[in-house]
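> Structure file protein-v7.pdb (PDB, C-alpha atoms) right here:
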```pdb
ATOM      1  CA  MET A 335     -25.766 -16.056   3.874
ATOM      2  CA  PRO A 336     -23.008 -14.675   6.164
ATOM      3  CA  LEU A 337     -23.590 -11.049   7.119
ATOM      4  CA  LEU A 338     -20.901  -8.444   7.803
ATOM      5  CA  ILE A 339     -21.572  -5.094   9.496
ATOM      6  CA  ILE A 340     -18.922  -2.558   8.505
ATOM      7  CA  GLY A 341     -18.544   0.049  11.230
ATOM      8  CA  GLN A 342     -19.343  -0.007  14.956
ATOM      9  CA  GLY A 343     -20.720   3.456  15.514
ATOM     10  CA  LEU A 344     -24.288   3.979  16.671
ATOM     11  CA  ALA A 345     -25.720   2.660  13.392
ATOM     12  CA  GLY A 346     -23.634  -0.507  13.295
ATOM     13  CA  THR A 347     -23.968  -1.212  17.015
ATOM     14  CA  THR A 348     -27.736  -0.809  17.221
ATOM     15  CA  LEU A 349     -28.179  -2.937  14.103
ATOM     16  CA  ALA A 350     -25.900  -5.605  15.595
ATOM     17  CA  TRP A 351     -28.010  -5.783  18.760
ATOM     18  CA  GLU A 352     -31.210  -6.126  16.759
ATOM     19  CA  LEU A 353     -29.706  -8.931  14.663
ATOM     20  CA  LEU A 354     -28.360 -10.649  17.778
ATOM     21  CA  TRP A 355     -31.795 -10.611  19.423
ATOM     22  CA  ARG A 356     -33.241 -12.185  16.280
ATOM     23  CA  GLY A 357     -30.650 -14.972  16.232
ATOM     24  CA  CYS A 358     -28.952 -13.795  13.052
ATOM     25  CA  ASP A 359     -25.397 -14.915  12.180
ATOM     26  CA  PHE A 360     -23.212 -11.824  11.661
ATOM     27  CA  ARG A 361     -19.841 -10.285  12.350
ATOM     28  CA  ILE A 362     -18.835  -6.649  12.917
ATOM     29  CA  ILE A 363     -15.676  -5.283  11.306
ATOM     30  CA  ASP A 364     -14.399  -1.968  12.631
ATOM     31  CA  GLU A 365     -11.078  -0.114  12.725
ATOM     32  CA  ALA A 366     -11.643   0.914  16.355
ATOM     33  CA  ALA A 367     -10.634   4.524  15.723
ATOM     34  CA  PRO A 368     -10.328   6.406  19.028
ATOM     35  CA  VAL A 369     -12.212   9.500  17.776
ATOM     36  CA  THR A 370     -15.465   9.184  15.858
ATOM     37  CA  SER A 371     -18.650  11.240  15.850
ATOM     38  CA  SER A 372     -20.501   8.477  17.709
ATOM     39  CA  ARG A 373     -17.844   8.153  20.411
ATOM     40  CA  ILE A 374     -17.466  11.852  21.243
ATOM     41  CA  ALA A 375     -21.141  12.766  20.850
ATOM     42  CA  GLY A 376     -22.931  14.304  23.783
ATOM     43  CA  GLY A 377     -25.674  11.719  23.306
ATOM     44  CA  LEU A 378     -28.356  14.267  24.179
ATOM     45  CA  ILE A 379     -32.028  13.665  23.516
ATOM     46  CA  THR A 380     -34.222  16.769  23.535
ATOM     47  CA  PRO A 381     -37.798  16.485  22.246
ATOM     48  CA  ILE A 382     -38.287  20.219  21.619
ATOM     49  CA  THR A 383     -35.536  21.637  19.442
ATOM     50  CA  GLY A 384     -34.375  24.441  17.186
ATOM     51  CA  GLN A 385     -35.040  28.131  17.009
ATOM     52  CA  ARG A 386     -38.665  27.425  16.111
ATOM     53  CA  LEU A 387     -39.136  25.348  19.283
ATOM     54  CA  ALA A 388     -40.588  22.435  17.340
ATOM     55  CA  LEU A 389     -41.219  18.867  18.397
ATOM     56  CA  GLY A 390     -38.729  16.437  16.891
ATOM     57  CA  TRP A 391     -39.670  14.247  13.936
ATOM     58  CA  ARG A 392     -41.908  11.353  15.118
ATOM     59  CA  VAL A 393     -40.500  12.012  18.556
ATOM     60  CA  GLN A 394     -42.863   9.743  20.519
ATOM     61  CA  GLU A 395     -42.096   6.730  18.298
ATOM     62  CA  MET A 396     -38.392   7.421  18.488
ATOM     63  CA  TRP A 397     -38.445   7.935  22.254
ATOM     64  CA  ASP A 398     -40.370   4.711  22.885
ATOM     65  CA  ALA A 399     -38.044   2.712  20.632
ATOM     66  CA  ALA A 400     -34.922   4.203  22.217
ATOM     67  CA  THR A 401     -35.961   3.665  25.843
ATOM     68  CA  ALA A 402     -37.002   0.059  25.163
ATOM     69  CA  PHE A 403     -33.844  -0.686  23.182
ATOM     70  CA  TYR A 404     -31.328   0.731  25.671
ATOM     71  CA  SER A 405     -33.082  -0.936  28.611
ATOM     72  CA  ARG A 406     -32.913  -4.301  26.861
ATOM     73  CA  ALA A 407     -29.233  -3.860  26.004
ATOM     74  CA  ALA A 408     -28.509  -2.710  29.552
ATOM     75  CA  ALA A 409     -29.947  -5.947  30.963
ATOM     76  CA  THR A 410     -27.207  -7.834  29.109
ATOM     77  CA  LEU A 411     -24.402  -5.325  29.629
ATOM     78  CA  GLY A 412     -25.024  -5.036  33.369
ATOM     79  CA  HIS A 413     -25.165  -1.245  33.409
ATOM     80  CA  GLN A 414     -27.450   1.442  32.017
ATOM     81  CA  PRO A 415     -25.783   3.834  29.518
ATOM     82  CA  PHE A 416     -29.100   5.664  28.985
ATOM     83  CA  SER A 417     -30.669   7.951  31.551
ATOM     84  CA  GLU A 418     -33.491  10.462  31.598
ATOM     85  CA  ILE A 419     -32.320  13.957  32.542
ATOM     86  CA  PRO A 420     -34.403  17.158  32.537
ATOM     87  CA  VAL A 421     -33.363  19.752  29.971
ATOM     88  CA  VAL A 422     -33.585  23.470  30.683
ATOM     89  CA  ARG A 423     -34.122  25.435  27.495
ATOM     90  CA  LEU A 424     -33.133  29.060  28.047
ATOM     91  CA  PHE A 425     -34.374  31.671  25.614
ATOM     92  CA  ARG A 426     -31.639  33.628  23.877
ATOM     93  CA  GLU A 427     -33.864  36.574  23.037
ATOM     94  CA  GLU A 428     -37.286  37.971  23.764
ATOM     95  CA  ARG A 429     -38.596  36.693  20.430
ATOM     96  CA  GLU A 430     -38.092  33.084  21.560
ATOM     97  CA  ALA A 431     -39.909  33.759  24.823
ATOM     98  CA  GLU A 432     -42.853  35.247  22.911
ATOM     99  CA  LEU A 433     -42.945  32.267  20.553
ATOM    100  CA  TRP A 434     -42.989  29.827  23.475
ATOM    101  CA  SER A 435     -45.769  31.767  25.218
ATOM    102  CA  ARG A 436     -47.970  30.573  22.345
ATOM    103  CA  LYS A 437     -46.485  27.176  21.549
ATOM    104  CA  GLY A 438     -46.048  26.040  25.121
ATOM    105  CA  LEU A 439     -49.813  25.921  25.634
ATOM    106  CA  GLN A 440     -50.481  23.600  22.685
ATOM    107  CA  PRO A 441     -51.618  20.074  23.673
ATOM    108  CA  GLU A 442     -48.917  18.196  21.743
ATOM    109  CA  PHE A 443     -46.178  19.802  23.833
ATOM    110  CA  GLN A 444     -47.656  18.958  27.236
ATOM    111  CA  PRO A 445     -46.357  15.349  27.508
ATOM    112  CA  TRP A 446     -42.812  16.614  27.028
ATOM    113  CA  LEU A 447     -42.796  19.359  29.630
ATOM    114  CA  HIS A 448     -41.084  18.700  32.938
ATOM    115  CA  PRO A 449     -42.305  20.500  36.069
ATOM    116  CA  SER A 450     -40.033  23.414  36.867
ATOM    117  CA  PRO A 451     -38.469  23.543  40.321
ATOM    118  CA  PRO A 452     -39.875  25.923  42.922
ATOM    119  CA  GLY A 453     -38.230  29.294  42.808
ATOM    120  CA  PRO A 454     -35.888  30.422  40.029
ATOM    121  CA  LEU A 455     -35.515  28.175  36.974
ATOM    122  CA  VAL A 456     -31.711  28.318  37.218
ATOM    123  CA  SER A 457     -29.151  29.308  39.832
ATOM    124  CA  PRO A 458     -27.475  32.743  39.971
ATOM    125  CA  ALA A 459     -24.452  31.119  38.286
ATOM    126  CA  ILE A 460     -26.442  31.067  35.030
ATOM    127  CA  HIS A 461     -27.257  34.130  32.953
ATOM    128  CA  ALA A 462     -30.888  33.796  31.841
ATOM    129  CA  PRO A 463     -32.422  37.255  31.244
ATOM    130  CA  HIS A 464     -35.209  35.972  28.964
ATOM    131  CA  GLY A 465     -36.280  32.971  31.035
ATOM    132  CA  GLY A 466     -36.960  29.519  29.670
ATOM    133  CA  PHE A 467     -38.695  26.242  30.430
ATOM    134  CA  GLN A 468     -37.881  22.724  31.548
ATOM    135  CA  MET A 469     -38.619  19.665  29.420
ATOM    136  CA  ARG A 470     -38.103  15.938  29.593
ATOM    137  CA  GLY A 471     -34.817  14.818  28.138
ATOM    138  CA  ALA A 472     -32.285  12.041  28.185
ATOM    139  CA  ARG A 473     -28.661  11.234  27.575
ATOM    140  CA  LEU A 474     -26.899   8.218  26.138
ATOM    141  CA  ASP A 475     -23.322   7.775  27.331
ATOM    142  CA  THR A 476     -22.225   6.901  23.813
ATOM    143  CA  ARG A 477     -18.658   5.943  24.651
ATOM    144  CA  LEU A 478     -19.798   3.603  27.430
ATOM    145  CA  PHE A 479     -22.492   2.087  25.225
ATOM    146  CA  LEU A 480     -20.178   1.523  22.257
ATOM    147  CA  ASP A 481     -17.249   0.205  24.302
ATOM    148  CA  SER A 482     -19.316  -2.169  26.416
ATOM    149  CA  SER A 483     -21.222  -3.380  23.353
ATOM    150  CA  ARG A 484     -17.933  -4.033  21.576
ATOM    151  CA  ASP A 485     -16.680  -6.045  24.550
ATOM    152  CA  HIS A 486     -19.880  -8.089  24.504
ATOM    153  CA  PHE A 487     -19.723  -8.796  20.781
ATOM    154  CA  LEU A 488     -16.028  -9.639  21.121
ATOM    155  CA  SER A 489     -16.819 -12.168  23.866
ATOM    156  CA  LEU A 490     -19.267 -13.830  21.479
ATOM    157  CA  GLY A 491     -16.735 -13.929  18.652
ATOM    158  CA  LEU A 492     -18.765 -11.422  16.635
ATOM    159  CA  PHE A 493     -16.289  -8.526  16.457
ATOM    160  CA  GLN A 494     -13.120  -8.144  14.409
ATOM    161  CA  GLN A 495     -10.853  -5.114  14.581
ATOM    162  CA  ALA A 496      -9.737  -4.490  11.015
ATOM    163  CA  ARG A 497     -10.090  -2.092   8.129
ATOM    164  CA  PHE A 498     -12.553  -3.185   5.453
ATOM    165  CA  ASP A 499     -11.872  -1.864   1.966
ATOM    166  CA  PRO A 500     -15.264  -0.983   0.445
ATOM    167  CA  ALA A 501     -13.731  -1.197  -3.024
ATOM    168  CA  ALA A 502     -12.725  -4.846  -2.541
ATOM    169  CA  PRO A 503     -14.868  -7.443  -4.324
ATOM    170  CA  VAL A 504     -17.747  -8.758  -2.207
ATOM    171  CA  PRO A 505     -18.581 -12.445  -2.797
ATOM    172  CA  PRO A 506     -22.196 -12.878  -3.938
ATOM    173  CA  ASP A 507     -22.853 -15.302  -1.073
ATOM    174  CA  THR A 508     -21.908 -12.696   1.566
ATOM    175  CA  ARG A 509     -24.131  -9.809   2.641
ATOM    176  CA  VAL A 510     -22.304  -6.629   3.639
ATOM    177  CA  ILE A 511     -24.067  -3.772   5.448
ATOM    178  CA  PHE A 512     -22.082  -0.527   5.363
ATOM    179  CA  CYS A 513     -22.504   1.539   8.555
ATOM    180  CA  GLU A 514     -19.442   3.717   8.015
ATOM    181  CA  GLY A 515     -20.545   7.162   9.110
ATOM    182  CA  HIS A 516     -18.884   9.999   7.205
ATOM    183  CA  ALA A 517     -16.478   7.525   5.558
ATOM    184  CA  GLY A 518     -19.515   6.249   3.673
ATOM    185  CA  SER A 519     -19.523   9.435   1.601
ATOM    186  CA  THR A 520     -16.818   7.847  -0.579
ATOM    187  CA  ASN A 521     -18.273   4.327  -0.694
ATOM    188  CA  PRO A 522     -18.065   3.282  -4.366
ATOM    189  CA  HIS A 523     -21.198   1.114  -4.140
ATOM    190  CA  PHE A 524     -23.484   4.032  -3.197
ATOM    191  CA  PRO A 525     -22.069   7.020  -5.107
ATOM    192  CA  TRP A 526     -25.435   8.746  -5.618
ATOM    193  CA  PHE A 527     -25.782   9.817  -1.999
ATOM    194  CA  LYS A 528     -24.670  13.406  -1.544
ATOM    195  CA  PHE A 529     -23.558  13.766   2.047
ATOM    196  CA  LYS A 530     -23.950  17.092   3.844
ATOM    197  CA  SER A 531     -21.667  16.113   6.707
ATOM    198  CA  ALA A 532     -20.645  18.654   9.320
ATOM    199  CA  LYS A 533     -17.652  18.784  11.599
ATOM    200  CA  GLY A 534     -18.535  19.313  15.230
ATOM    201  CA  GLU A 535     -16.297  20.298  18.130
ATOM    202  CA  ILE A 536     -16.963  19.919  21.847
ATOM    203  CA  LEU A 537     -15.191  20.954  25.037
ATOM    204  CA  THR A 538     -14.823  19.198  28.363
ATOM    205  CA  LEU A 539     -14.866  21.700  31.225
ATOM    206  CA  HIS A 540     -14.268  22.072  34.922
ATOM    207  CA  ILE A 541     -16.779  24.468  36.496
ATOM    208  CA  PRO A 542     -16.368  24.051  40.266
ATOM    209  CA  ASP A 543     -18.843  26.818  41.158
ATOM    210  CA  LEU A 544     -21.731  25.453  39.092
ATOM    211  CA  ASP A 545     -24.055  23.090  40.951
ATOM    212  CA  GLU A 546     -26.229  21.720  38.156
ATOM    213  CA  ASP A 547     -27.367  18.209  37.324
ATOM    214  CA  ARG A 548     -29.649  19.081  34.404
ATOM    215  CA  ILE A 549     -28.772  19.639  30.753
ATOM    216  CA  LEU A 550     -28.754  23.325  29.804
ATOM    217  CA  SER A 551     -29.519  24.483  26.267
ATOM    218  CA  SER A 552     -29.028  28.055  25.087
ATOM    219  CA  GLY A 553     -27.220  28.430  21.786
ATOM    220  CA  LEU A 554     -25.080  25.516  22.920
ATOM    221  CA  TRP A 555     -25.661  22.596  25.251
ATOM    222  CA  LEU A 556     -24.003  22.075  28.620
ATOM    223  CA  LEU A 557     -24.018  18.511  29.933
ATOM    224  CA  PRO A 558     -23.187  17.680  33.589
ATOM    225  CA  LEU A 559     -20.736  14.792  34.021
ATOM    226  CA  GLY A 560     -20.410  14.952  37.808
ATOM    227  CA  GLY A 561     -17.724  16.269  40.116
ATOM    228  CA  GLY A 562     -17.875  19.782  38.677
ATOM    229  CA  HIS A 563     -17.122  18.505  35.156
ATOM    230  CA  PHE A 564     -19.237  19.309  32.126
ATOM    231  CA  ARG A 565     -19.204  18.872  28.389
ATOM    232  CA  ALA A 566     -20.230  21.705  26.044
ATOM    233  CA  GLY A 567     -20.961  21.844  22.346
ATOM    234  CA  SER A 568     -21.311  21.875  19.575
ATOM    235  CA  THR A 569     -20.176  23.669  16.442
ATOM    236  CA  TYR A 570     -21.063  23.035  12.787
ATOM    237  CA  ASP A 571     -18.463  23.319  10.025
ATOM    238  CA  TRP A 572     -19.402  22.056   6.560
ATOM    239  CA  ASP A 573     -16.096  22.970   4.888
ATOM    240  CA  HIS A 574     -13.339  21.319   6.937
ATOM    241  CA  LEU A 575     -14.318  17.684   7.362
ATOM    242  CA  ASP A 576     -11.562  16.368   9.588
ATOM    243  CA  THR A 577     -11.084  15.455  13.247
ATOM    244  CA  VAL A 578      -8.609  18.218  14.106
ATOM    245  CA  PRO A 579      -9.757  20.528  16.940
ATOM    246  CA  THR A 580      -9.456  24.200  15.990
ATOM    247  CA  ALA A 581      -8.764  27.382  17.910
ATOM    248  CA  ALA A 582     -11.635  29.116  16.095
ATOM    249  CA  ALA A 583     -14.241  26.585  17.240
ATOM    250  CA  ARG A 584     -12.913  26.652  20.788
ATOM    251  CA  ALA A 585     -13.141  30.460  20.798
ATOM    252  CA  THR A 586     -16.741  30.286  19.549
ATOM    253  CA  LEU A 587     -17.762  27.854  22.270
ATOM    254  CA  GLU A 588     -15.927  29.796  24.978
ATOM    255  CA  GLU A 589     -17.669  33.001  23.930
ATOM    256  CA  LYS A 590     -21.069  31.314  24.186
ATOM    257  CA  LEU A 591     -20.125  29.919  27.575
ATOM    258  CA  ARG A 592     -19.192  33.383  28.818
ATOM    259  CA  HIS A 593     -22.665  34.589  27.811
ATOM    260  CA  LEU A 594     -24.278  31.674  29.645
ATOM    261  CA  LEU A 595     -22.154  31.431  32.800
ATOM    262  CA  ARG A 596     -21.515  33.925  35.574
ATOM    263  CA  VAL A 597     -18.810  31.732  37.086
ATOM    264  CA  PRO A 598     -15.345  30.842  35.750
ATOM    265  CA  PHE A 599     -14.633  27.661  33.793
ATOM    266  CA  THR A 600     -11.529  25.809  32.674
ATOM    267  CA  VAL A 601     -11.234  23.857  29.428
ATOM    268  CA  ILE A 602      -9.617  20.483  30.114
ATOM    269  CA  ASP A 603     -10.228  18.714  26.796
ATOM    270  CA  HIS A 604     -11.258  19.456  23.214
ATOM    271  CA  HIS A 605     -12.424  16.999  20.531
ATOM    272  CA  ALA A 606     -13.660  17.163  16.951
ATOM    273  CA  ALA A 607     -15.380  14.658  14.661
ATOM    274  CA  VAL A 608     -17.558  14.639  11.547
ATOM    275  CA  ARG A 609     -21.295  13.948  11.759
ATOM    276  CA  PRO A 610     -22.649  11.873   8.861
ATOM    277  CA  ILE A 611     -25.580  13.851   7.440
ATOM    278  CA  ILE A 612     -27.436  12.989   4.257
ATOM    279  CA  ARG A 613     -30.805  14.663   4.779
ATOM    280  CA  GLU A 614     -31.159  16.526   8.034
ATOM    281  CA  SER A 615     -30.837  13.878  10.759
ATOM    282  CA  ARG A 616     -32.962  11.119   9.238
ATOM    283  CA  ALA A 617     -31.092   7.974   8.398
ATOM    284  CA  VAL A 618     -31.105   6.173   5.076
ATOM    285  CA  THR A 619     -31.292   2.370   5.126
ATOM    286  CA  GLY A 620     -31.824  -0.421   2.664
ATOM    287  CA  LEU A 621     -30.327  -2.738   0.093
ATOM    288  CA  HIS A 622     -28.574  -1.780  -3.120
ATOM    289  CA  PRO A 623     -31.083  -1.591  -5.998
ATOM    290  CA  ALA A 624     -28.929  -3.846  -8.196
ATOM    291  CA  ARG A 625     -27.061  -5.952  -5.626
ATOM    292  CA  GLU A 626     -29.166  -7.482  -2.871
ATOM    293  CA  ASN A 627     -26.071  -8.506  -0.895
ATOM    294  CA  LEU A 628     -25.016  -4.877  -0.265
ATOM    295  CA  GLY A 629     -26.769  -2.761   2.341
ATOM    296  CA  PHE A 630     -26.516   0.759   3.721
ATOM    297  CA  PHE A 631     -27.326   2.318   7.119
ATOM    298  CA  ASN A 632     -26.065   5.872   7.472
ATOM    299  CA  GLY A 633     -26.939   9.525   7.913
ATOM    300  CA  LEU A 634     -27.979   9.615  11.574
ATOM    301  CA  GLY A 635     -26.458  13.061  12.014
ATOM    302  CA  SER A 636     -26.910  14.803  15.355
ATOM    303  CA  LYS A 637     -29.973  12.752  16.380
ATOM    304  CA  GLY A 638     -28.269   9.367  16.412
ATOM    305  CA  SER A 639     -28.801   8.504  20.072
ATOM    306  CA  LEU A 640     -32.549   8.962  19.664
ATOM    307  CA  HIS A 641     -33.069   7.705  16.107
ATOM    308  CA  ALA A 642     -30.638   4.782  15.801
ATOM    309  CA  PRO A 643     -32.719   2.171  17.696
ATOM    310  CA  TRP A 644     -35.854   2.819  15.646
ATOM    311  CA  PHE A 645     -34.041   2.696  12.288
ATOM    312  CA  ALA A 646     -32.055  -0.382  13.353
ATOM    313  CA  ARG A 647     -35.225  -2.267  14.296
ATOM    314  CA  ASP A 648     -36.879  -1.324  11.002
ATOM    315  CA  PHE A 649     -33.838  -2.400   8.957
ATOM    316  CA  ALA A 650     -33.301  -5.651  10.889
ATOM    317  CA  SER A 651     -36.934  -6.634  10.309
ATOM    318  CA  HIS A 652     -36.440  -5.967   6.608
ATOM    319  CA  LEU A 653     -33.250  -8.039   6.453
ATOM    320  CA  ILE A 654     -34.615 -11.041   8.330
ATOM    321  CA  ASP A 655     -38.387 -10.995   7.916
ATOM    322  CA  HIS A 656     -38.488  -9.147   4.567
ATOM    323  CA  THR A 657     -40.936  -6.593   5.920
ATOM    324  CA  PRO A 658     -41.083  -3.340   3.925
ATOM    325  CA  LEU A 659     -38.811  -0.571   5.072
ATOM    326  CA  ASP A 660     -40.338   2.670   6.222
ATOM    327  CA  PRO A 661     -40.785   4.639   2.962
ATOM    328  CA  GLY A 662     -39.085   7.668   4.447
ATOM    329  CA  SER A 663     -35.817   5.827   5.034
ATOM    330  CA  ASP A 664     -35.744   3.263   2.211
ATOM    331  CA  LEU A 665     -32.794   4.137  -0.026
ATOM    332  CA  ARG A 666     -34.626   2.773  -3.052
ATOM    333  CA  LYS A 667     -37.332   5.389  -2.626
ATOM    334  CA  ASN A 668     -35.128   8.362  -1.773
TER     335      ASN A 668
END
```
The structure in this file should be written as structure tokens.

Amino acid sequence: MPLLIIGQGLAGTTLAWELLWRGCDFRIIDEAAPVTSSRIAGGLITPITGQRLALGWRVQEMWDAATAFYSRAAATLGHQPFSEIPVVRLFREEREAELWSRKGLQPEFQPWLHPSPPGPLVSPAIHAPHGGFQMRGARLDTRLFLDSSRDHFLSLGLFQQARFDPAAPVPPDTRVIFCEGHAGSTNPHFPWFKFKSAKGEILTLHIPDLDEDRILSSGLWLLPLGGGHFRAGSTYDWDHLDTVPTAAARATLEEKLRHLLRVPFTVIDHHAAVRPIIRESRAVTGLHPARENLGFFNGLGSKGSLHAPWFARDFASHLIDHTPLDPGSDLRKN
């Protein structure tokens, strides 16, 4: 039956690639909104995360799936939107340094550590009184990936810019997969999902006196873009779910930057979007329990760049080959 993918964020785009590689007949329908959580995301991939300095969920599986997926897409697109970049995790307090002195020696962390440079971990332009460590990391240029993928699907006649009304009747001979991001929280076909979406705001900066080509993480992340430009984020706001940048979030990020940097910076742009979160950052996929022609792929949250390829492959195999979904993501089991 004809298949429609509703939404061309990271969920919809990765699923579209997987279906394309399997020779499936589909079409993407998307409004092409200029600001979405997928488009403004930093696209950072950090294997060791959080205040507890824990390895990410199934991080090796996710990493392998992501690197293979983006390399395969890049071969078609003619450029590589995914790149490995070391991440410097700076401790915010002595307690974190003490915790890492124990955790950092454990065998499961060793594959993810990146050799530190000779001499100081960071330059004098960075305030790092408690030290830190360097790990493997990566970044997906989400805007480049989504835009170039859209152009490719458009050239194949597989993309339509339009608004799809989820409340409109869906013919029984058409399969519709909703990949709507936060908009999916009001989808009438899947009302039982309780989204825990969070608004996030990021800044684009000019820091001419900072010579750094690694990602820095210390209460916020700082991503080098080249030419003295950086992106910094992000905030979490669970109460105001809109795409309007706020003075309060900007002030919060600027204060954190002043604690991190010993050199001046200038804010040159400010964006906000809403992350679709259902349960932490683990996506939910699957087909409607009563209507096999309706599907759902959502809830990637802040880990979308890393998790989307793995979930897309799992869901595409289910749609085409009827293989069981991973129990942890199957909407019929959650």
> One number please: CA of Ala646 in chain A to CA of Gly346 in chain A, in Å, one decimal.
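Atom-to-atom, CA of Ala646 in chain A to CA of Gly346 in chain A, that is 8.4 Å.
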> So, counting all atoms listed in the file, which residue among A:Leu621, A:Leu594, A:Ile654, A:Ala345 is closest to Val510 in chain A?
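The answer is A:Leu621, which sits nearest to Val510 in chain A.
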> Give me, as an mmCIF file with C-alpha atoms, in the frame of the given file, all polymer residues having an atom no more than 9 Å from Leu554 in chain A, counting all atoms listed in the file and skipping those fewer than 6 positions away in the same chain.

```cif
data_model
loop_
_atom_site.group_PDB
_atom_site.id
_atom_site.type_symbol
_atom_site.label_atom_id
_atom_site.label_comp_id
_atom_site.auth_asym_id
_atom_site.auth_seq_id
_atom_site.Cartn_x
_atom_site.Cartn_y
_atom_site.Cartn_z
ATOM 1 C CA ALA A 566 -20.230 21.705 26.044
ATOM 2 C CA GLY A 567 -20.961 21.844 22.346
ATOM 3 C CA SER A 568 -21.311 21.875 19.575
ATOM 4 C CA THR A 569 -20.176 23.669 16.442
ATOM 5 C CA LEU A 587 -17.762 27.854 22.270
ATOM 6 C CA LYS A 590 -21.069 31.314 24.186
ATOM 7 C CA LEU A 591 -20.125 29.919 27.575
#
```
> Could you check which of A:Leu556, A:Cys358, A:Ile541, A:Leu480 is closest to Pro336 in chain A, using all atoms listed in the file?
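Smallest distance to Pro336 in chain A is found for A:Cys358.
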> Which polymer residues have any atom within 10 Å of an atom of Leu653 in chain A, counting all atoms listed in the file, with same-chain residues fewer than 2 positions away left out, as a PyMOL selection string?
chain A and resi 353+358+620-621+629+647-651+655-659
